[in-house]
Amino acid sequence: MAEQKNYMYKSWWKITCVVLLVYTVVAGLLLDVPRLPALQETIRNLYFHVCMWMAMMIVFTVSVVNSIYYLRTFKLKYDIAARQYAAVGIVLGILGYSTGIIWMSYTWADANNPASASFSAIAREPKLIGAAIALLVYFAYMILRDSIQDIDKKARISAVYNIFAFAMLFPSIWIMPRILPSLHPGQEGNPALNVKEDIDSSMRMVFYPAVIGWTLLSVWIATLKIRLTLLKEKKMIA
Amino acid sequence: MRKIKFFLLAILICGVNLFAAAQTDPADVKMADTMRSNGKIYVVIAVILTILIGLVLYIVRLDKKISRLEKEK
């Protein structure tokens, strides 16, 4: 089978990814940021913690597009791509969640209260619960997939489920936390994307390249996993 | 062509915003000024860059290995 050279085998975007990530780290730590109480220097986490979620949403979108392609064509390569992109999205989600835990334990926890009181306030945080639901829905995607033996049935059922999981993703991480009172920033409007206010323009100079850089890195990892799986499948057929 | 024009415009708007930003700078907010004044922030950057470059080299090696496997076929 002649391998056509698609985006997975090109190197220009991989170089772009590395350049953008190096820029993110250097400029993200050195450039001036707004001096805000409580947040202080941790505002720089915007270039890392928020980018994990941005990259996760983009990667999950790629995954669901591949699932739809699979349902239209029934070509297994789309199913493989959907699975691997979803796997990378889950990793990004876990990274975003754990960095969020670190960040909030220094900015949301009230030093005047005992730790248990702070915890009960934080544990009620709708953004955390929503993100946990979204991730659990995707864990279920992996479990569902890997519990079906038949390859075609597995691909078809998991493609349909992936669409449902994607439909749950945005309500649970964006809409539901906005309806309820929340400590998480970006309660009203579009956090970090609002051009007029909300994010300082000097931070935007690092934030947007950072989102692109982290997204490209996750796509890179996903393409490596796809290529490995394709190799494995070919070996099974031969 | 339209896309390129839009892209250039977007860059221009970002650049203009950088100068238009008038921000209050209350000095009583504690920032990592000491860390910056004696230059130690560069140590942090060096550490993070080392980790990042290490990870990137690892991915590049993986990429090459998979490419070799694909050629063997």
# chains A, B, ... in the order shown; residues from 1 in each chain; ligands from 1
>>> interface_residues(of="chain A", to="chain B", cutoff="10 Å", atoms="only C-alpha atoms", output="MDAnalysis selection string")
chainID A and resid 1 3 9 14 17:18 21:23 25:30 33:42 195:196 200:205 217 220:221 223:225 227:228 230:231 234:235
>>> write_last_selection(atoms="N, CA and C atoms", output="compact mmCIF listing (two decimals), in the first residue's frame")
# COMPACT_ATOMS: atom_id res chain seq x y z
N MET A 1 0.85 -1.20 0.00
CA MET A 1 0.00 0.00 0.00
C MET A 1 0.88 1.24 0.00
N GLU A 3 1.98 4.75 0.71
CA GLU A 3 1.61 5.71 1.75
C GLU A 3 1.58 7.11 1.16
N TYR A 9 3.24 13.46 8.11
CA TYR A 9 4.64 13.18 7.79
C TYR A 9 5.42 14.45 7.49
N LYS A 14 5.85 20.77 12.96
CA LYS A 14 6.51 20.30 14.19
C LYS A 14 7.56 21.32 14.64
N CYS A 17 5.81 24.20 16.17
CA CYS A 17 5.38 23.84 17.52
C CYS A 17 6.49 24.09 18.52
N VAL A 18 7.71 23.60 18.21
CA VAL A 18 8.82 23.75 19.16
C VAL A 18 9.15 25.23 19.36
N LEU A 21 6.55 26.89 21.55
CA LEU A 21 6.61 26.48 22.96
C LEU A 21 7.80 27.12 23.67
N VAL A 22 8.94 27.20 22.96
CA VAL A 22 10.09 27.87 23.57
C VAL A 22 9.75 29.34 23.82
N TYR A 23 9.08 29.97 22.83
CA TYR A 23 8.65 31.37 23.01
C TYR A 23 7.71 31.49 24.20
N VAL A 25 7.53 29.70 26.93
CA VAL A 25 8.21 29.59 28.22
C VAL A 25 9.02 30.86 28.49
N VAL A 26 9.80 31.31 27.50
CA VAL A 26 10.68 32.46 27.74
C VAL A 26 9.85 33.73 27.93
N ALA A 27 8.98 34.03 26.96
CA ALA A 27 8.19 35.26 27.06
C ALA A 27 7.16 35.15 28.17
N GLY A 28 6.65 33.96 28.40
CA GLY A 28 5.64 33.79 29.43
C GLY A 28 6.18 34.05 30.82
N LEU A 29 7.46 33.82 31.03
CA LEU A 29 8.03 34.07 32.35
C LEU A 29 8.66 35.44 32.45
N LEU A 30 9.03 36.06 31.31
CA LEU A 30 9.78 37.31 31.38
C LEU A 30 8.93 38.55 31.14
N VAL A 33 3.30 41.30 33.32
CA VAL A 33 1.90 40.89 33.44
C VAL A 33 1.22 41.89 34.38
N PRO A 34 -0.12 41.97 34.30
CA PRO A 34 -0.83 42.88 35.21
C PRO A 34 -0.62 42.47 36.66
N ARG A 35 -0.50 43.49 37.53
CA ARG A 35 -0.32 43.19 38.96
C ARG A 35 -1.69 43.12 39.61
N LEU A 36 -2.15 41.94 39.91
CA LEU A 36 -3.47 41.75 40.49
C LEU A 36 -3.35 41.11 41.86
N PRO A 37 -4.18 41.55 42.81
CA PRO A 37 -4.17 40.91 44.12
C PRO A 37 -4.65 39.47 44.01
N ALA A 38 -4.22 38.64 44.95
CA ALA A 38 -4.56 37.22 45.03
C ALA A 38 -3.90 36.40 43.93
N LEU A 39 -4.05 36.86 42.67
CA LEU A 39 -3.43 36.10 41.59
C LEU A 39 -1.92 36.26 41.60
N GLN A 40 -1.48 37.53 41.71
CA GLN A 40 -0.06 37.88 41.69
C GLN A 40 0.66 37.24 40.51
N GLU A 41 1.79 36.59 40.81
CA GLU A 41 2.59 36.05 39.70
C GLU A 41 1.96 34.81 39.08
N THR A 42 0.99 34.20 39.77
CA THR A 42 0.40 32.97 39.23
C THR A 42 -0.44 33.24 37.99
N VAL A 195 -11.85 40.47 23.20
CA VAL A 195 -10.80 41.37 22.73
C VAL A 195 -10.80 42.67 23.52
N LYS A 196 -11.97 43.10 23.99
CA LYS A 196 -12.06 44.42 24.61
C LYS A 196 -11.50 44.46 26.03
N ASP A 200 -5.44 41.13 29.53
CA ASP A 200 -4.56 42.23 29.17
C ASP A 200 -3.91 41.95 27.82
N SER A 201 -3.78 43.02 27.01
CA SER A 201 -3.29 42.79 25.65
C SER A 201 -1.85 42.29 25.64
N SER A 202 -1.07 42.67 26.66
CA SER A 202 0.31 42.17 26.67
C SER A 202 0.33 40.66 26.90
N MET A 203 -0.68 40.17 27.60
CA MET A 203 -0.74 38.73 27.83
C MET A 203 -1.21 38.00 26.58
N ARG A 204 -2.03 38.70 25.79
CA ARG A 204 -2.52 38.05 24.57
C ARG A 204 -1.38 37.73 23.61
N MET A 205 -0.31 38.54 23.66
CA MET A 205 0.82 38.31 22.77
C MET A 205 1.50 36.97 23.06
N LEU A 217 1.64 20.48 19.69
CA LEU A 217 2.34 19.40 20.40
C LEU A 217 1.42 18.20 20.60
N TRP A 220 0.89 16.43 17.39
CA TRP A 220 2.10 15.65 17.09
C TRP A 220 2.07 14.29 17.78
N ILE A 221 1.80 14.32 19.09
CA ILE A 221 1.76 13.07 19.85
C ILE A 221 0.67 12.15 19.29
N THR A 223 -0.53 12.06 16.23
CA THR A 223 -0.17 11.47 14.93
C THR A 223 0.82 10.33 15.11
N LEU A 224 1.72 10.46 16.09
CA LEU A 224 2.66 9.35 16.34
C LEU A 224 1.89 8.10 16.74
N LYS A 225 0.88 8.28 17.62
CA LYS A 225 0.09 7.14 18.06
C LYS A 225 -0.69 6.54 16.89
N ARG A 227 0.15 6.65 13.71
CA ARG A 227 1.06 5.94 12.80
C ARG A 227 1.44 4.57 13.36
N LEU A 228 1.66 4.53 14.68
CA LEU A 228 1.99 3.24 15.30
C LEU A 228 0.84 2.26 15.14
N LEU A 230 -1.53 2.25 12.89
CA LEU A 230 -1.65 1.84 11.49
C LEU A 230 -0.64 0.74 11.17
N LEU A 231 0.60 0.91 11.68
CA LEU A 231 1.63 -0.12 11.46
C LEU A 231 1.18 -1.45 12.06
N LYS A 234 -1.51 -3.09 10.03
CA LYS A 234 -0.99 -3.65 8.78
C LYS A 234 -0.32 -4.98 9.04
N LYS A 235 0.40 -5.06 10.17
CA LYS A 235 1.10 -6.30 10.51
C LYS A 235 0.09 -7.41 10.77
>>> residues_around(residues="Ser105 (chain A)", least_positions_apart="4", cutoff="12 Å", atoms="only C-alpha atoms", output="list in words")
Ala38, Leu39, Thr42, Ser98, Thr99, Gly100, Ile101, Ala109, Asp110, Ala111, Ala115, Ser118, Phe119, Ala121, Ile122 and Ala123 of chain A
>>> write_last_selection(atoms="C-alpha atoms", output="PDB file, in the first residue's frame")
ATOM      1  CA  ALA A  38      -4.558  37.221  45.032  1.00  0.00           C
ATOM      2  CA  LEU A  39      -3.430  36.096  41.586  1.00  0.00           C
ATOM      3  CA  THR A  42       0.403  32.974  39.230  1.00  0.00           C
ATOM      4  CA  SER A  98      -4.176  18.715  38.070  1.00  0.00           C
ATOM      5  CA  THR A  99      -2.599  22.088  37.255  1.00  0.00           C
ATOM      6  CA  GLY A 100      -5.924  23.670  38.210  1.00  0.00           C
ATOM      7  CA  ILE A 101      -5.806  21.898  41.580  1.00  0.00           C
ATOM      8  CA  ALA A 109      -8.104  28.617  49.615  1.00  0.00           C
ATOM      9  CA  ASP A 110      -8.738  31.107  52.404  1.00  0.00           C
ATOM     10  CA  ALA A 111      -5.779  31.210  54.773  1.00  0.00           C
ATOM     11  CA  ALA A 115      -8.352  23.685  55.417  1.00  0.00           C
ATOM     12  CA  SER A 118     -11.784  25.939  52.228  1.00  0.00           C
ATOM     13  CA  PHE A 119     -12.158  22.459  50.809  1.00  0.00           C
ATOM     14  CA  ALA A 121     -16.123  25.737  49.321  1.00  0.00           C
ATOM     15  CA  ILE A 122     -13.827  24.528  46.552  1.00  0.00           C
ATOM     16  CA  ALA A 123     -15.389  21.089  46.224  1.00  0.00           C
TER      17      ALA A 123
END
>>> atom_distance(atom1="CA of Lys5 (chain A)", atom2="CA of Arg68 (chain B)")
14.7 Å
>>> closest_residue(among="A:Asn45, A:Tyr70, A:Tyr138, A:Val19", to="Met168 (chain A)", atoms="only C-alpha atoms")
A:Tyr138
>>> atom_distance(atom1="CA of Trp108 (chain A)", atom2="CA of His184 (chain A)")
9.0 Å
>>> closest_residue(among="A:Leu92, A:Ile102, A:Ile237, A:Ile143", to="Ala55 (chain A)", atoms="only C-alpha atoms")
A:Leu92
>>> decode(residues="region 61-72 of chain A", atoms="N, CA and C atoms", output="short mmCIF file (atom, residue, chain, number, x, y, z; two decimals), in the first residue's frame")
data_model
loop_
_atom_site.label_atom_id
_atom_site.label_comp_id
_atom_site.auth_asym_id
_atom_site.auth_seq_id
_atom_site.Cartn_x
_atom_site.Cartn_y
_atom_site.Cartn_z
N THR A 61 -12.44 18.01 19.33
CA THR A 61 -13.18 18.37 18.11
C THR A 61 -12.64 17.58 16.92
N VAL A 62 -11.30 17.49 16.81
CA VAL A 62 -10.71 16.70 15.73
C VAL A 62 -11.19 15.25 15.83
N SER A 63 -11.26 14.75 17.05
CA SER A 63 -11.68 13.36 17.26
C SER A 63 -13.11 13.14 16.77
N VAL A 64 -14.02 14.07 17.11
CA VAL A 64 -15.41 13.86 16.71
C VAL A 64 -15.58 14.01 15.20
N VAL A 65 -14.78 14.88 14.59
CA VAL A 65 -14.83 15.02 13.13
C VAL A 65 -14.42 13.70 12.48
N ASN A 66 -13.37 13.08 13.03
CA ASN A 66 -12.94 11.79 12.50
C ASN A 66 -14.00 10.72 12.69
N SER A 67 -14.73 10.78 13.82
CA SER A 67 -15.80 9.81 14.04
C SER A 67 -16.90 9.97 13.00
N ILE A 68 -17.23 11.24 12.69
CA ILE A 68 -18.28 11.49 11.69
C ILE A 68 -17.82 10.99 10.32
N TYR A 69 -16.54 11.25 10.00
CA TYR A 69 -15.98 10.74 8.75
C TYR A 69 -16.10 9.22 8.69
N TYR A 70 -15.81 8.59 9.86
CA TYR A 70 -15.90 7.13 9.88
C TYR A 70 -17.32 6.67 9.56
N LEU A 71 -18.30 7.33 10.19
CA LEU A 71 -19.68 6.90 9.97
C LEU A 71 -20.12 7.14 8.53
N ARG A 72 -19.49 8.10 7.85
CA ARG A 72 -19.86 8.38 6.46
C ARG A 72 -19.18 7.42 5.49
#
